[in-house]
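Visitor: Structure: target15.cif, mmCIF, C-alpha atoms.
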```
data_entry
loop_
_atom_site.label_atom_id
_atom_site.label_comp_id
_atom_site.auth_asym_id
_atom_site.auth_seq_id
_atom_site.Cartn_x
_atom_site.Cartn_y
_atom_site.Cartn_z
CA MET A 278 111.04 77.27 70.70
CA ASN A 279 108.76 74.28 70.91
CA SER A 280 110.37 71.70 73.16
CA ILE A 281 109.25 71.88 76.78
CA THR A 282 112.79 71.26 77.96
CA ASP A 283 114.02 74.16 75.78
CA VAL A 284 111.43 76.40 77.41
CA LEU A 285 112.30 75.17 80.90
CA GLU A 286 116.01 75.68 80.25
CA LYS A 287 115.32 79.25 79.15
CA ILE A 288 113.12 79.88 82.20
CA GLY A 289 115.83 78.41 84.44
CA GLN A 290 118.29 80.97 83.09
CA GLN A 291 116.05 84.06 83.23
CA SER A 292 116.36 85.97 86.48
CA ASN A 293 113.63 88.43 85.47
CA LEU A 294 111.10 85.58 85.39
CA LYS A 295 111.84 84.91 89.05
CA TYR A 296 110.38 88.31 90.01
CA SER A 297 107.43 88.16 87.63
CA THR A 298 103.76 88.24 88.43
CA GLU A 299 101.54 85.80 86.56
CA VAL A 300 100.67 88.46 83.96
CA ASP A 301 104.32 89.43 83.43
CA CYS A 302 105.28 85.80 83.19
CA GLU A 303 102.63 85.13 80.52
CA LEU A 304 103.88 88.15 78.58
CA GLN A 305 107.50 87.06 78.76
CA LEU A 306 106.70 83.50 77.77
CA THR A 307 104.76 84.89 74.79
CA GLU A 308 107.78 87.00 73.84
CA MET A 309 109.89 83.82 74.07
CA ARG A 310 107.47 82.36 71.50
CA VAL A 311 106.39 79.60 73.86
CA PRO A 312 103.29 77.90 72.41
CA ALA A 313 100.04 78.77 74.22
CA VAL A 314 99.39 75.20 75.34
CA ILE A 315 102.79 75.03 77.09
CA ARG A 316 102.36 78.58 78.49
CA LYS A 317 99.12 77.62 80.16
CA VAL A 318 100.60 74.52 81.81
CA LEU A 319 103.71 76.38 82.97
CA ILE A 320 101.75 79.23 84.50
CA ALA A 321 99.35 76.85 86.21
CA ASN A 322 102.41 74.90 87.42
CA ASP A 323 100.52 71.70 86.65
CA LYS A 324 103.03 68.86 87.13
CA SER A 325 100.89 66.05 85.76
CA GLU A 326 99.82 68.04 82.67
CA LEU A 327 103.46 68.96 82.09
CA ALA A 328 104.48 65.30 82.30
CA GLN A 329 101.79 64.39 79.76
CA LEU A 330 102.76 67.15 77.36
CA SER A 331 106.40 66.12 77.47
CA ASP A 332 105.60 62.42 77.21
CA ASN A 333 107.38 62.00 80.50
CA LYS A 334 105.64 59.27 82.47
CA LYS A 335 108.60 57.65 84.16
CA ASP A 336 108.86 57.19 87.89
CA ILE A 337 112.38 58.33 88.53
CA ILE A 338 114.51 56.71 91.24
CA CYS A 339 117.27 58.97 92.45
CA TYR A 340 119.01 57.10 95.26
CA VAL A 341 122.74 57.06 94.52
CA SER A 342 124.11 56.55 98.00
CA ALA A 343 124.52 53.47 100.17
CA PRO A 344 124.70 53.36 103.97
CA ALA A 345 127.75 51.10 103.91
CA LYS A 346 130.16 49.32 101.61
CA GLU A 347 129.17 45.84 100.43
CA HIS A 348 131.40 43.95 102.85
CA GLU A 349 130.13 46.08 105.74
CA MET A 350 126.44 45.53 105.06
CA PRO A 351 124.56 43.11 107.31
CA LYS A 352 124.26 39.65 105.75
CA ASP A 353 122.29 36.45 106.47
CA ASP A 354 118.78 37.33 105.35
CA ASN A 355 119.40 41.01 105.94
CA LYS A 356 119.48 40.58 109.70
CA PRO A 357 121.97 42.63 111.69
CA ALA A 358 125.16 40.76 112.61
CA GLU A 359 125.46 39.62 116.22
CA ASP A 360 127.83 42.42 117.16
CA GLU A 361 125.51 45.04 115.70
CA PRO A 362 122.96 46.87 117.86
CA LYS A 363 119.59 45.22 118.29
CA GLN A 364 116.39 47.26 118.26
CA GLY A 365 116.15 49.60 121.24
CA GLU A 366 119.84 49.33 122.11
CA GLN A 367 120.98 52.45 120.23
CA GLU A 368 123.25 54.31 122.62
CA SER A 369 122.93 57.98 123.21
CA ALA A 370 125.99 60.05 122.48
CA MET B 5 151.33 54.90 84.85
CA ASN B 6 150.62 55.87 81.25
CA GLU B 7 146.96 56.67 80.76
CA GLN B 8 145.18 54.55 78.18
CA GLN B 9 142.69 55.82 75.64
CA GLY B 10 139.24 55.95 77.16
CA SER B 11 138.19 58.19 80.03
CA ILE B 12 135.46 58.87 82.53
CA VAL B 13 134.36 62.29 83.72
CA CYS B 14 131.47 62.53 86.18
CA VAL B 15 129.71 65.89 86.09
CA GLY B 16 126.98 67.40 88.23
CA VAL B 17 124.02 68.90 86.41
CA GLY B 18 122.82 70.68 89.55
CA MET B 19 119.35 70.46 91.01
CA THR B 20 117.26 72.77 88.81
CA LEU B 21 116.88 72.31 85.06
CA GLY B 22 118.57 75.14 83.18
CA SER B 23 119.72 77.02 86.25
CA HIS B 24 122.66 75.08 87.63
CA LEU B 25 124.60 73.34 84.84
CA SER B 26 128.08 74.86 84.45
CA PRO B 27 129.41 75.65 80.96
CA LEU B 28 132.27 73.19 81.50
CA SER B 29 129.96 70.34 82.55
CA ARG B 30 127.72 71.03 79.57
CA SER B 31 130.76 70.90 77.30
CA TYR B 32 131.80 67.54 78.77
CA ILE B 33 128.30 66.19 78.05
CA GLU B 34 128.23 67.57 74.50
CA GLN B 35 131.74 66.34 73.61
CA ALA B 36 131.39 62.83 75.07
CA ASP B 37 131.23 59.67 72.96
CA VAL B 38 128.64 58.31 75.37
CA VAL B 39 126.79 59.86 78.32
CA PHE B 40 125.20 57.92 81.18
CA SER B 41 122.61 59.96 83.06
CA LEU B 42 121.17 59.60 86.51
CA VAL B 43 118.94 62.50 87.45
CA SER B 44 115.97 63.17 89.69
CA ASP B 45 113.32 64.19 87.16
CA GLY B 46 112.14 62.75 83.84
CA LEU B 47 112.23 66.17 82.19
CA VAL B 48 115.81 66.72 83.30
CA GLU B 49 116.63 63.35 81.78
CA GLN B 50 115.02 64.47 78.50
CA TRP B 51 116.95 67.73 78.66
CA ILE B 52 120.30 65.92 79.03
CA GLY B 53 119.19 63.62 76.21
CA GLN B 54 119.10 66.60 73.84
CA MET B 55 122.73 67.49 74.49
CA ASN B 56 124.36 64.42 72.99
CA PRO B 57 123.23 61.79 70.45
CA ASP B 58 124.22 58.90 72.76
CA VAL B 59 122.71 59.47 76.21
CA ARG B 60 121.83 56.33 78.17
CA SER B 61 119.68 56.49 81.28
CA LEU B 62 120.85 54.53 84.31
CA GLN B 63 117.23 54.20 85.52
CA PRO B 64 116.78 50.66 84.07
CA TYR B 65 119.38 49.37 86.53
CA TYR B 66 117.04 49.95 89.49
CA HIS B 67 114.76 47.07 90.40
CA GLU B 68 112.60 47.09 93.50
CA GLY B 69 113.50 43.97 95.47
CA THR B 70 117.12 43.96 94.26
CA SER B 71 119.83 45.47 96.45
CA ARG B 72 120.85 48.91 95.24
CA LEU B 73 124.45 47.79 95.71
CA VAL B 74 123.86 45.31 92.86
CA SER B 75 122.35 48.12 90.77
CA TYR B 76 125.21 50.48 91.59
CA ASN B 77 127.80 47.85 90.63
CA ALA B 78 125.98 47.22 87.34
CA MET B 79 125.97 50.96 86.60
CA VAL B 80 129.71 51.16 87.25
CA ALA B 81 130.34 48.07 85.09
CA ALA B 82 128.35 49.55 82.19
CA MET B 83 130.36 52.76 82.29
CA ILE B 84 133.72 51.00 82.71
CA ALA B 85 132.94 48.76 79.71
CA GLU B 86 132.68 51.86 77.50
CA VAL B 87 135.85 53.35 78.99
CA LYS B 88 137.69 50.09 78.20
CA ALA B 89 136.32 50.35 74.64
CA GLY B 90 138.38 53.53 74.36
CA LYS B 91 135.45 55.97 74.55
CA LYS B 92 135.21 59.38 76.14
CA VAL B 93 132.56 58.56 78.76
CA VAL B 94 130.63 61.08 80.85
CA GLY B 95 128.42 60.31 83.82
CA ALA B 96 125.86 63.10 84.31
CA PHE B 97 124.46 62.99 87.82
CA TYR B 98 121.95 65.32 89.44
CA GLY B 99 123.26 67.75 92.04
CA HIS B 100 126.93 67.23 92.82
CA PRO B 101 128.27 63.89 91.55
CA GLY B 102 130.40 63.40 94.64
CA VAL B 103 127.91 64.27 97.38
CA PHE B 104 125.89 61.35 98.77
CA ALA B 105 126.55 59.48 95.53
CA CYS B 106 128.71 56.35 95.54
CA VAL B 107 128.49 55.45 91.82
CA PRO B 108 130.55 58.38 90.49
CA HIS B 109 133.26 57.87 93.13
CA LYS B 110 133.39 54.15 92.39
CA VAL B 111 133.57 54.45 88.60
CA ILE B 112 136.36 57.06 88.75
CA GLU B 113 138.29 54.96 91.26
CA GLN B 114 138.01 51.84 89.07
CA ALA B 115 138.94 53.68 85.88
CA ARG B 116 142.04 55.20 87.51
CA ALA B 117 143.05 51.80 88.92
CA LEU B 118 142.91 50.42 85.37
CA GLY B 119 145.10 53.25 84.09
CA TYR B 120 142.38 55.40 82.51
CA TYR B 121 141.75 59.11 83.03
CA GLY B 122 139.06 59.81 85.61
CA LYS B 123 137.79 63.17 86.85
CA MET B 124 134.91 64.65 88.80
CA GLU B 125 133.41 68.03 87.95
CA PRO B 126 131.34 69.58 90.76
CA GLY B 127 127.73 70.63 90.52
CA ILE B 128 125.26 72.54 92.69
CA SER B 129 124.04 70.00 95.22
CA ALA B 130 120.80 69.67 97.18
CA GLU B 131 122.92 70.67 100.16
CA ASP B 132 123.83 73.96 98.46
CA CYS B 133 120.17 74.67 97.67
CA LEU B 134 119.18 73.77 101.22
CA PHE B 135 121.62 76.24 102.75
CA SER B 136 120.25 79.01 100.48
CA ASP B 137 116.54 78.24 100.84
CA LEU B 138 116.61 77.61 104.58
CA ALA B 139 119.07 80.47 105.22
CA ILE B 140 121.36 78.13 107.13
CA ASP B 141 125.04 78.88 107.49
CA PRO B 142 126.62 75.56 108.47
CA GLY B 143 129.43 77.51 110.11
CA GLN B 144 127.11 79.23 112.60
CA PHE B 145 126.51 76.25 114.89
CA GLY B 146 128.19 73.45 112.94
CA CYS B 147 126.43 70.84 110.86
CA SER B 148 126.51 67.05 110.58
CA HIS B 149 125.32 65.13 107.53
CA PHE B 150 124.44 61.44 107.48
CA GLU B 151 122.77 59.05 105.12
CA ALA B 152 119.61 58.25 107.12
CA SER B 153 119.99 54.46 107.10
CA GLN B 154 123.65 54.64 108.02
CA PHE B 155 122.67 56.95 110.86
CA MET B 156 120.33 54.20 112.09
CA PHE B 157 122.60 51.18 111.50
CA TYR B 158 125.61 52.53 113.34
CA LYS B 159 126.21 54.25 116.66
CA ARG B 160 126.95 57.88 115.86
CA ILE B 161 127.91 60.81 118.03
CA ILE B 162 125.09 63.33 117.83
CA ASP B 163 125.66 66.96 118.76
CA PRO B 164 122.28 68.60 119.50
CA SER B 165 123.93 72.04 119.52
CA ALA B 166 124.64 71.73 115.77
CA TYR B 167 122.43 71.17 112.73
CA LEU B 168 121.80 67.53 111.85
CA ILE B 169 120.89 66.74 108.24
CA LEU B 170 119.70 63.27 107.19
CA TRP B 171 119.67 62.28 103.50
CA GLN B 172 117.62 59.60 101.76
CA VAL B 173 115.17 59.67 104.67
CA GLY B 174 112.48 58.16 102.41
CA ILE B 175 114.23 54.79 102.65
CA ALA B 176 115.51 55.18 106.20
CA GLY B 177 116.14 51.83 107.89
CA ASP B 178 116.07 49.63 104.78
CA LEU B 179 118.56 46.87 105.62
CA SER B 180 117.93 45.11 102.31
CA LEU B 181 118.75 48.25 100.29
CA SER B 182 116.09 47.01 97.91
CA LYS B 183 113.10 49.17 98.80
CA PHE B 184 112.04 52.35 97.04
CA SER B 185 110.41 53.61 100.23
CA THR B 186 110.14 52.49 103.86
CA GLY B 187 107.03 52.83 105.98
CA GLU B 188 105.99 54.12 109.36
CA SER B 189 107.45 51.27 111.41
CA TYR B 190 110.93 52.03 110.06
CA ARG B 191 110.42 55.74 110.56
CA GLN B 192 109.31 55.17 114.16
CA VAL B 193 112.73 53.63 114.86
CA LEU B 194 114.37 56.76 113.45
CA ILE B 195 112.14 58.98 115.60
CA ASP B 196 113.03 56.90 118.66
CA ILE B 197 116.75 57.34 117.99
CA LEU B 198 116.34 61.08 117.49
CA SER B 199 114.15 61.37 120.59
CA LEU B 200 117.13 60.33 122.73
CA HIS B 201 118.68 63.69 121.82
CA TYR B 202 115.82 66.01 120.85
CA PRO B 203 112.45 66.77 122.48
CA LYS B 204 109.54 65.16 120.63
CA ASP B 205 108.02 68.60 120.01
CA HIS B 206 111.29 69.93 118.54
CA GLN B 207 110.59 71.54 115.16
CA VAL B 208 112.29 69.72 112.32
CA ILE B 209 112.19 70.58 108.61
CA LEU B 210 111.43 68.50 105.52
CA TYR B 211 113.19 70.02 102.54
CA GLU B 212 113.01 69.39 98.80
CA ALA B 213 114.97 71.39 96.23
CA PRO B 214 113.10 72.29 93.03
CA THR B 215 114.07 70.19 90.00
CA LEU B 216 112.18 72.35 87.49
CA PRO B 217 112.50 76.15 87.40
CA ILE B 218 108.71 76.53 87.51
CA HIS B 219 108.55 74.75 90.86
CA SER B 220 109.45 76.10 94.24
CA HIS B 221 111.23 74.35 97.06
CA ARG B 222 109.38 72.50 99.81
CA ILE B 223 110.04 73.65 103.34
CA GLU B 224 107.74 72.01 105.85
CA SER B 225 108.30 72.53 109.55
CA LEU B 226 106.79 69.99 111.88
CA PRO B 227 107.37 68.53 115.36
CA LEU B 228 109.75 65.56 115.46
CA SER B 229 106.93 63.24 116.56
CA SER B 230 104.85 64.18 113.47
CA LEU B 231 107.49 62.78 111.14
CA LEU B 232 105.77 59.43 111.43
CA HIS B 233 102.86 60.41 109.18
CA ALA B 234 104.59 63.10 107.12
CA GLU B 235 104.78 62.96 103.32
CA ILE B 236 108.34 61.91 102.54
CA HIS B 237 109.67 61.23 99.04
CA GLY B 238 112.91 59.75 97.74
CA TYR B 239 114.33 63.24 97.34
CA THR B 240 113.20 64.62 100.72
CA THR B 241 115.86 65.69 103.20
CA LEU B 242 115.35 65.96 106.95
CA VAL B 243 116.89 68.98 108.65
CA ILE B 244 117.07 69.05 112.43
CA PRO B 245 118.02 72.46 113.86
CA PRO B 246 119.97 72.62 117.13
CA CYS B 247 118.00 72.20 120.34
CA GLN B 248 120.79 73.17 122.72
CA GLU B 249 123.00 76.22 123.21
CA LEU B 250 126.71 75.90 122.49
CA THR B 251 128.57 75.03 125.71
CA ARG B 252 131.92 76.71 126.34
CA ASN B 253 134.88 74.38 126.82
CA MET B 254 136.33 76.11 129.89
CA GLU B 255 139.37 73.86 130.15
CA VAL B 256 140.45 74.70 126.60
CA LEU B 257 139.63 78.40 127.02
CA GLN B 258 141.80 78.56 130.17
CA ARG B 259 144.70 76.84 128.39
CA LEU B 260 144.43 79.28 125.46
CA ASP B 261 144.24 82.20 127.88
CA ALA B 262 147.41 80.98 129.58
CA ILE B 263 149.20 80.83 126.21
CA ASP B 264 148.12 84.41 125.46
CA LYS B 265 149.47 85.55 128.86
CA ASP B 266 152.78 83.76 128.24
CA HIS B 267 153.13 85.47 124.87
CA LYS B 268 152.47 88.89 126.47
CA ASN B 269 155.10 88.21 129.17
CA ILE B 270 157.66 87.20 126.55
CA LYS B 271 157.07 90.49 124.70
CA LEU B 272 157.50 92.49 127.93
CA VAL B 273 160.78 90.72 128.66
#
```
Could you render the structure as structure tokens?
Guide:
Amino acid sequence: MNSITDVLEKIGQQSNLKYSTEVDCELQLTEMRVPAVIRKVLIANDKSELAQLSDNKKDIICYVSAPAKEHEMPKDDNKPAEDEPKQGEQESA
Amino acid sequence: MNEQQGSIVCVGVGMTLGSHLSPLSRSYIEQADVVFSLVSDGLVEQWIGQMNPDVRSLQPYYHEGTSRLVSYNAMVAAMIAEVKAGKKVVGAFYGHPGVFACVPHKVIEQARALGYYGKMEPGISAEDCLFSDLAIDPGQFGCSHFEASQFMFYKRIIDPSAYLILWQVGIAGDLSLSKFSTGESYRQVLIDILSLHYPKDHQVILYEAPTLPIHSHRIESLPLSSLLHAEIHGYTTLVIPPCQELTRNMEVLQRLDAIDKDHKNIKLV
């Protein structure tokens, strides 16, 4: 098992690893035949080292929602429409 | 309407790599002719990439300075083009594909309108993780969810006796929909809106679900006023616990009581 994502998938499915101490975790990762270099990074929980090891340098954007439909979005240089609330006029419920 | 060859199924891969993907969703990914992925971590993207020989990331459609609505439409168009080519298309989205995600809804709607098969397969959402990690039962006091910018752009009815959860708070107030983050001046407007309903020292929570199984969640409690300088990412969610007790609706309770009494009298008769 060499791929980092393979290792992470396995870890994600192992409930016993959730209870483990650092020593137990190291032992279990060894039993899973995880290479020492990956073991070290996983146990240290080093995000940047993990990204380097996996050749994962992308900045991920994860917005998939919009506050309104296209035709409902404010237009004209992104300024609110005249009937929309101006700053400081938000009503309390 | 007879369904044409070509289909779209949008699946949720959950929040945490390895832990949340259902066997059925995995099967959809593995059996697809082409998979489009939109996830919240580069390693999760790599992981999905190993499940099918033709996995295409939707990340290149994002461009800072371009409205996300343009990006979303382009994503939908790319997927529909493959459906029209007669392929079995799968959209693999992080969390639940139908929760605070317009692209999966849109692509399924368009495919169905064109006579193709379209389906959504649920996944474990950030909302699900939030309820577990924060030990919140949305049924206890009630719970409202809003996209943070929508919450700011429109006049909403806020109930301070229920939980209020704001999503995409990292880009709260972005009218252009083209920013990848908004700054303190935008956030101050949000704080001002919230301050009409909650005390400024009211404890709010910044929450982030773990994307990798070696990470833990982020739960940071802070006063509402401290939100201004808080560390907020694209995947951070703002949770505002109730600040008021539930108030009994005496008029309704009296009406219900009267109905109960009537029913008892009918039985006696």
Visitor: Please measure the separation of atom CA of Met254 of chain B and atom CA of Leu200 of chain B, giving the value in Å to one decimal.
Guide: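 Atom CA of Leu200 of chain B lies 25.9 Å from atom CA of Met254 of chain B.
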Visitor: As a list of chain:residue names, please: the residues near segment 310-325 of chain A (cut-off 9 Å, all atoms listed in the file, same-chain neighbours under 3 positions excluded).
Guide: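 Using all atoms listed in the file, the neighbours found are A:Met278, A:Asn279, A:Ser280, A:Ile281, A:Val284, A:Leu285, A:Glu299, A:Cys302, A:Glu303, A:Gln305, A:Leu306, A:Thr307, A:Ala328, A:Gln329, A:Leu330, A:Lys334, B:Ile218, B:His219.
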Visitor: Select all residues from chain A having any atom no more than 6 Å from an atom of chain B (counting only C-alpha atoms, ignoring ligands), output as a list of chain:residue names.
Guide: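 Residues of chain A within 6 Å of chain B, counting only C-alpha atoms: A:Thr282, A:Glu286, A:Gly289, A:Gln290, A:Asn333, A:Cys339, A:Val341, A:Ser342, A:Pro344, A:Asn355, A:Ala370.
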Visitor: Atoms to include: C-alpha atoms. Write the selected residues as a PDB file, in the frame of the given file.
Guide:
```pdb
ATOM      1  CA  THR A 282     112.790  71.260  77.960  1.00  0.00           C
ATOM      2  CA  GLU A 286     116.010  75.680  80.250  1.00  0.00           C
ATOM      3  CA  GLY A 289     115.830  78.410  84.440  1.00  0.00           C
ATOM      4  CA  GLN A 290     118.290  80.970  83.090  1.00  0.00           C
ATOM      5  CA  ASN A 333     107.380  62.000  80.500  1.00  0.00           C
ATOM      6  CA  CYS A 339     117.270  58.970  92.450  1.00  0.00           C
ATOM      7  CA  VAL A 341     122.740  57.060  94.520  1.00  0.00           C
ATOM      8  CA  SER A 342     124.110  56.550  98.000  1.00  0.00           C
ATOM      9  CA  PRO A 344     124.700  53.360 103.970  1.00  0.00           C
ATOM     10  CA  ASN A 355     119.400  41.010 105.940  1.00  0.00           C
ATOM     11  CA  ALA A 370     125.990  60.050 122.480  1.00  0.00           C
TER      12      ALA A 370
END
```
Visitor: So that I can see what lies close to Ile223 of chain B, please list as a list in words the residues with an atom at most 7 Å from it, counting all atoms listed in the file and leaving out residues fewer than 2 positions away in the same chain.
Guide: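 Returned residues: Ile209, Leu210, Tyr211, Glu212, His221 and Ser225 of chain B.
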Visitor: How many Å lie between atom CA of Met55 of chain B and atom CA of Leu25 of chain B, rounded to one decimal?
Guide: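 Between atom CA of Met55 of chain B and atom CA of Leu25 of chain B the gap works out to 12.0 Å.
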Visitor: Within 8 Å of Gln114 of chain B, counting all atoms listed in the file, which residues qualify if same-chain residues fewer than 4 places away don't, as a list in words?
Guide: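 Neighbouring residues, sequence-local ones excluded: Ile84, Lys110 and Leu118 of chain B.
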Visitor: Report, in Å to a single decimal, how far apart atom CA of Val94 of chain B and atom CA of Lys183 of chain B are.
Guide: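 Rounded to one decimal, the two atoms are 27.8 Å apart.
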Visitor: Go through B:Cys247, B:Arg222, B:His109, B:Gly122 and flag the residue nearest Pro203 of chain B, using only C-alpha atoms for the distances.
Guide: B:Cys247
Visitor: Once the PyMOL selection byres ((chain B and resi 58) around 10) has been evaluated on this model, what residues remain selected, and can you format them as a PyMOL selection string?
Guide: chain B and resi 33-34+36-40+53-57+59-61
Visitor: Restricting the calculation to all atoms listed in the file, which member of B:Leu138, B:Ala262, B:Ala89, B:Val173 is positioned closest to Tyr340 of chain A?
Guide: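 Under the stated criterion, the closest residue is B:Val173.
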